[in-house]
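Note sheet for the following structure.
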Amino acid sequence: MSPAVRAVAARLAHLLVVLALVSLAATLMLDLTPVDPAIVMLGEQATPEQVAQVHAALGLDRPFLARYANWVAGLLTGDFGTSYRTKVDVLDAILAALAVTGELIVLSLLVALAVSIPIGILTAHHRDDWFDRLWVVVSSALVSCPPFVSALVLVFVFALLARDWPVHFPATGWTAFTADPLDNLWHAALPVVTLALVLVPNFSRVLRSDLVATLDDDFVLFAKAKGLPMRRVLLRHALRPSSLSLVTVAGISIGQLMGGAVVVEVLFGLPGLGQLLVNAITLNDLPLVQGAVVFIAAVYVAANAAVDLCYRVLDPRLRVAHGVVA
Amino acid sequence: MHRRLRIAGALLAVAGLTAVAACGGPAGGGEAPRNQLTILWAADATDLSTDNGLGLQVNAGVHERLAIYDALVALTPTADIEYRLAESLTPDGPTRWTLTLKPGLRFSDGTPLDAAAVKFNWERLADPATKAPSAQIAQQIAGLDVVDERTLAITLKEPNGQFPTLVAQSALTFIGSPTAMQADPAGFGSNPVGAGAYVLKEWVRNDHSVFEKSPTSAIEAPVDRIEVRILADETQRYNTLAAGGGDVDFTINANTAAKAEKAGHQVVTGQTDGGLSLQFNTAKPPFDDVRARRAVALAFDGAALGKSVFSGLVEVPETLMRAESKYFADVPLTRANREQAQALLDELAAEGEPVSFTILTPLNFQQVAEWFQSSVSGYRNLTVQVEAAQTTGQQLFAGDFDATLIGLTRFIDPYPALVNFVSSGGSTNFGKYSDPAVDAAARTIVTSTDEAERIRAFADLQARIAEDLPFAGPFYRMPNWFVLAEGIDAAAVPILNDGVIDLTRFRP
């Protein structure tokens, strides 16, 4: 088995162990809550006979491990179960919500990278001058501002105050990209900016730090000595080897964004995974909670695994170290 | 280099498109022609079937159901019956009624809404296998006979002179297409088919639902499109309205209504009688003794509650019914009186029965329960505990409580809400209260078709309740408000029952 295949297999095994633990914990946690799913389904006026019927139908009268095994067996065949309240398929509900959360995450990452990379390059190139110092102050302020605060400020300024301005944005709501791409971007703007604001300080600082080190490397000095334009030195020679930490942080941020999306989706009333999870918890819709938690965990772990594997592509030294490239 | 330029170009294009959209967003601003109505509501329906909801009264899914099914009959804010899909619903004797439908009614799937369709719906509702929350109401029907296409003969198990009021306030008023129900029984709740002015075009759970004009409905749709947007958070709903994202914002928060009026919005109020009350479990100590009930009622200062918890914005009732109600009787509610309350508590303690009890409360009234607990901390011989639970129903049905805060006494017509709350065997009489005088009055209220006789019976009922106190309160009324976007006149928003917008008469 080649080292690369071994590395992928190891990450896959890690992913499966984490998922097993998360699913077990989610099921156990929900099992310990005092909410009776039969009451959730039938309402509070349900008779004891009706409650017993539902328990039997859902297998709730069986031992915990048997129910867990049954649920896992369902997961393996793509059956995440059915919502207690709405009777809709859990996987369908998750996938519908994922379209929103996925778009938010992708757009937030793109916006954050689009803003952070130029700032990172500028601050590294002009280290310790006024812009670099100003950015330290601005990024510190942004880091210390949680998403729920920035979301409220953005809504207040760009939705409420800007109501009669030429440029304004909605306070809440969502339109699917397939229904109306322009309206979709309009609705996504404030949530995406809210999420991106959390990422930009970290991304730009990480890139600056690595770039500063790279710019002192011999090969960069050599490139400068050859008389290459500074722009070319920065973008062609220094940026790529300095982007390893940025890729790591960006990959890990997918998980962070999943968490941030819960807050942002609730604050902006967006029908994404976060909103789905919050509603499911509020309404005691246990299969939906289980499904969403496992799904989010799977995405989180898969994103981290993908980041690990990306190192090998970006940094030839890792491949050399493992003997892949001779 | 070219690839980087393309990426930069794409990013610029996205930013540009967003800016273009922001300059004239489709839902942004109040300039959009009002051929559509966007209602901002607090909670989504679990489904939109005919059998899984309540009637035409404020609850999750009521506007959606009104759009899809309209209603056989509805209650007006003055507790009168309004015939909508039904032409009449007339008594033929104590237990017999005849329903006549308006001509030419069709479901949106093209099938007729006829007497057979009503029979199918009501029998389905009564079927225990349907597990409908309103099954008990439908089970009051003994038999249904289709006389002709538009006429249904109804036989009830017990005499009832107020059957139309019962229909209006229960799921009996919504009729779905039997063809669609039989074709996909499980999916009907997500793909409902009715004879209302609108058809469901899109439903994203817990986010929004969209309705468009029905091509087959006999009812004229005043706007082309209705959207019901779900935003659980009070501030979010108001901000969305203020930012131009909605036309009507539903709220039960007096602060929001006051803030909106101050900001220049017109506000429509859905008024109700009754309000939040403390129901006593009269089947066990301490509240099997009327002196304990009276002591607690005297100790509960509704006016102080209104000031401390609701900034003085709630209406603290003096009587059970509002003065505007046709069922108003000048029977004052028990007013707070510390000395009298303490004297009764001391009297009970001297007999070896100091009052100690737990208030069972749903989470939404927890603050009120805790306020009461702290407000009576200075009393001798009175101990109050609070048990807040997400769901209280099972404990209430089992009679496993001392006293409970409950909003069930919120109504326009006291039948069936108040009658069920206080009469022996009433479905919401969790405290097992039983009094011959109350039962006699309740019987008249239910069976009589003579309005004057009913009004007298209500007055008797209110007097007896004030004397015997099966519940304390109401401490405050529980109206709801609709905050209207700029440019919408309150007169354009007609209200049904306790605060449902009549979508077929909305003239923006």
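Naming scheme: A, B, ... for chains in displayed order of the structure tokens; residues 1 onward per chain; ligands 1 onward as shown.
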
May I ask you to extract the residues of chain A within 6 Å of chain B, using only C-alpha atoms, and to give them as a compact mmCIF listing (two decimals) with all heavy atoms, in the first residue's frame?
```txt
# COMPACT_ATOMS: atom_id res chain seq x y z
N GLU A 44 -50.69 17.15 22.92
CA GLU A 44 -50.81 16.91 24.36
C GLU A 44 -52.11 16.22 24.75
O GLU A 44 -52.26 15.74 25.86
CB GLU A 44 -50.68 18.24 25.10
CG GLU A 44 -49.31 18.85 24.92
CD GLU A 44 -49.01 19.89 25.96
OE1 GLU A 44 -49.70 19.92 26.98
OE2 GLU A 44 -48.10 20.69 25.74
N ARG A 85 -42.68 15.71 13.48
CA ARG A 85 -43.70 16.75 13.39
C ARG A 85 -44.26 16.91 11.99
O ARG A 85 -45.46 16.94 11.79
CB ARG A 85 -43.13 18.09 13.84
CG ARG A 85 -43.18 18.25 15.34
CD ARG A 85 -42.88 19.65 15.75
NE ARG A 85 -43.08 19.77 17.18
CZ ARG A 85 -44.17 20.25 17.73
NH1 ARG A 85 -45.17 20.66 16.98
NH2 ARG A 85 -44.29 20.32 19.05
N THR A 86 -43.36 17.06 11.02
CA THR A 86 -43.84 17.41 9.68
C THR A 86 -43.99 16.19 8.78
O THR A 86 -44.52 16.31 7.68
CB THR A 86 -42.85 18.38 9.01
OG1 THR A 86 -41.58 17.75 8.92
CG2 THR A 86 -42.71 19.67 9.81
N ALA A 159 -30.20 47.71 6.30
CA ALA A 159 -31.59 47.34 6.03
C ALA A 159 -32.56 48.40 6.57
O ALA A 159 -33.45 48.85 5.85
CB ALA A 159 -31.92 45.98 6.64
N LEU A 160 -32.34 48.81 7.82
CA LEU A 160 -33.29 49.72 8.44
C LEU A 160 -32.98 51.19 8.12
O LEU A 160 -33.82 51.91 7.59
CB LEU A 160 -33.34 49.49 9.95
CG LEU A 160 -33.81 48.09 10.37
CD1 LEU A 160 -33.74 47.92 11.87
CD2 LEU A 160 -35.23 47.84 9.89
N ARG A 163 -33.18 52.10 4.38
CA ARG A 163 -34.45 51.79 3.72
C ARG A 163 -34.73 52.72 2.54
O ARG A 163 -35.18 52.28 1.48
CB ARG A 163 -35.57 51.89 4.77
CG ARG A 163 -36.97 51.81 4.25
CD ARG A 163 -37.35 50.37 3.91
NE ARG A 163 -38.46 50.32 3.01
CZ ARG A 163 -39.72 50.43 3.35
NH1 ARG A 163 -40.03 50.57 4.61
NH2 ARG A 163 -40.67 50.36 2.45
N PRO A 166 -30.36 54.63 -1.96
CA PRO A 166 -30.35 53.90 -3.25
C PRO A 166 -29.91 52.45 -3.09
O PRO A 166 -30.33 51.57 -3.82
CB PRO A 166 -29.34 54.68 -4.10
CG PRO A 166 -29.16 55.98 -3.42
CD PRO A 166 -29.47 55.80 -1.98
N VAL A 167 -29.04 52.19 -2.12
CA VAL A 167 -28.56 50.82 -1.89
C VAL A 167 -29.03 50.37 -0.52
O VAL A 167 -28.73 51.00 0.48
CB VAL A 167 -27.02 50.76 -1.95
CG1 VAL A 167 -26.53 49.36 -1.61
CG2 VAL A 167 -26.52 51.18 -3.32
N HIS A 168 -29.80 49.30 -0.52
CA HIS A 168 -30.23 48.75 0.77
C HIS A 168 -30.42 47.24 0.63
O HIS A 168 -30.54 46.73 -0.48
CB HIS A 168 -31.52 49.42 1.24
CG HIS A 168 -32.69 49.13 0.35
ND1 HIS A 168 -32.94 49.86 -0.77
CD2 HIS A 168 -33.65 48.19 0.41
CE1 HIS A 168 -34.02 49.39 -1.36
NE2 HIS A 168 -34.46 48.37 -0.66
N PHE A 169 -30.47 46.57 1.76
CA PHE A 169 -30.56 45.10 1.75
C PHE A 169 -31.70 44.66 2.67
O PHE A 169 -32.11 45.41 3.56
CB PHE A 169 -29.24 44.49 2.23
CG PHE A 169 -28.10 44.74 1.27
CD1 PHE A 169 -27.29 45.86 1.40
CD2 PHE A 169 -27.88 43.87 0.22
CE1 PHE A 169 -26.26 46.09 0.50
CE2 PHE A 169 -26.85 44.11 -0.69
CZ PHE A 169 -26.05 45.21 -0.55
N ALA A 171 -33.69 42.73 5.69
CA ALA A 171 -33.33 42.38 7.06
C ALA A 171 -33.35 40.88 7.26
O ALA A 171 -32.57 40.35 8.05
CB ALA A 171 -34.31 43.05 8.03
N THR A 172 -34.23 40.21 6.58
CA THR A 172 -34.35 38.75 6.70
C THR A 172 -34.76 38.18 5.34
O THR A 172 -35.10 38.92 4.43
CB THR A 172 -35.43 38.35 7.71
OG1 THR A 172 -36.68 38.85 7.25
CG2 THR A 172 -35.15 38.85 9.10
N LEU A 182 -30.33 37.13 -8.99
CA LEU A 182 -30.05 38.47 -8.47
C LEU A 182 -30.63 38.65 -7.07
O LEU A 182 -29.98 39.17 -6.16
CB LEU A 182 -30.67 39.52 -9.40
CG LEU A 182 -29.76 40.12 -10.48
CD1 LEU A 182 -30.50 41.21 -11.22
CD2 LEU A 182 -28.49 40.66 -9.88
N LEU A 185 -28.56 36.80 -4.51
CA LEU A 185 -27.36 37.51 -4.07
C LEU A 185 -27.71 38.67 -3.14
O LEU A 185 -27.02 38.95 -2.16
CB LEU A 185 -26.58 38.04 -5.28
CG LEU A 185 -25.88 36.97 -6.12
CD1 LEU A 185 -25.27 37.59 -7.36
CD2 LEU A 185 -24.80 36.29 -5.29
N TRP A 186 -28.83 39.31 -3.45
CA TRP A 186 -29.27 40.44 -2.64
C TRP A 186 -29.57 39.98 -1.22
O TRP A 186 -29.19 40.62 -0.24
CB TRP A 186 -30.51 41.05 -3.31
CG TRP A 186 -31.00 42.31 -2.69
CD1 TRP A 186 -30.29 43.47 -2.51
CD2 TRP A 186 -32.31 42.56 -2.20
NE1 TRP A 186 -31.09 44.42 -1.94
CE2 TRP A 186 -32.33 43.89 -1.73
CE3 TRP A 186 -33.47 41.79 -2.12
CZ2 TRP A 186 -33.47 44.46 -1.18
CZ3 TRP A 186 -34.61 42.36 -1.58
CH2 TRP A 186 -34.61 43.68 -1.12
N PRO A 271 -33.48 29.72 5.61
CA PRO A 271 -33.88 28.32 5.79
C PRO A 271 -32.73 27.34 5.58
O PRO A 271 -32.81 26.43 4.76
CB PRO A 271 -34.95 28.15 4.71
CG PRO A 271 -34.56 29.09 3.62
CD PRO A 271 -33.89 30.26 4.30
```

Just the alpha helix (DSSP H) stuff from region 9-62 of chain A, please, per backbone DSSP, written as a VMD selection string.
-> chain A and resid 9 to 32 37 to 42 48 to 58

One-decimal distance in Å that lies between CA of Trp203 (chain B) and CA of Ile488 (chain B) | 25.8 Å

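For the set B:Val58, B:Leu75, B:Ile412, B:Leu85, the residue with the smallest atom-to-atom gap to Glu324 (chain B) is B:Ile412, counting only C-alpha atoms.
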
Neighbours of Ser374 (chain B) within 12 Å (only C-alpha atoms; same-chain residues fewer than 5 positions away dropped), as a ChimeraX atom specification?
-> /B:299-301,305,308,367-369,379,382-386

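With only C-alpha atoms as the atoms that count, the minimum distance from Arg240 (chain A) to the choices A:Val35, A:Ile281, A:Ile117, A:Val17 is reached by A:Ile117.
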
List the neighbours of Val212 (chain A) out to 8 Å using only C-alpha atoms; skip same-chain residues closer than 4 positions along the sequence, and give me the result as a PyMOL selection string.
-> chain A and resi 124-125+127+208+216

Store the residues picked out above, limited to N, CA and C atoms, as a compact mmCIF listing (two decimals), in the first residue's frame.
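Output file selection.txt is given in full below:
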```txt
# COMPACT_ATOMS: atom_id res chain seq x y z
N ALA A 124 2.10 42.36 4.48
CA ALA A 124 3.40 41.69 4.54
C ALA A 124 4.44 42.49 3.77
N HIS A 125 4.04 42.98 2.62
CA HIS A 125 4.98 43.74 1.78
C HIS A 125 5.37 45.06 2.45
N ARG A 127 5.33 45.76 5.69
CA ARG A 127 5.27 45.44 7.12
C ARG A 127 5.74 46.64 7.96
N ARG A 208 -0.24 37.04 6.22
CA ARG A 208 0.82 38.04 6.43
C ARG A 208 2.01 37.41 7.13
N ASP A 216 11.65 36.67 3.39
CA ASP A 216 13.04 36.68 3.84
C ASP A 216 13.82 35.46 3.35
```

Using only C-alpha atoms, determine which residues lie at most 7 Å from Leu360 (chain B), disregarding the query and same-chain residues fewer than 6 positions distant; provide the list as a PyMOL selection string.
-> chain B and resi 386-388+401+403-405

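Going from CA of Ala86 (chain B) over to CA of Glu202 (chain B), you cover 28.2 Å.
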
Using only C-alpha atoms, the shortest atom-to-atom distance to Leu15 (chain A) among A:Leu142, A:Ala69, A:Cys310, A:Val294 belongs to A:Val294
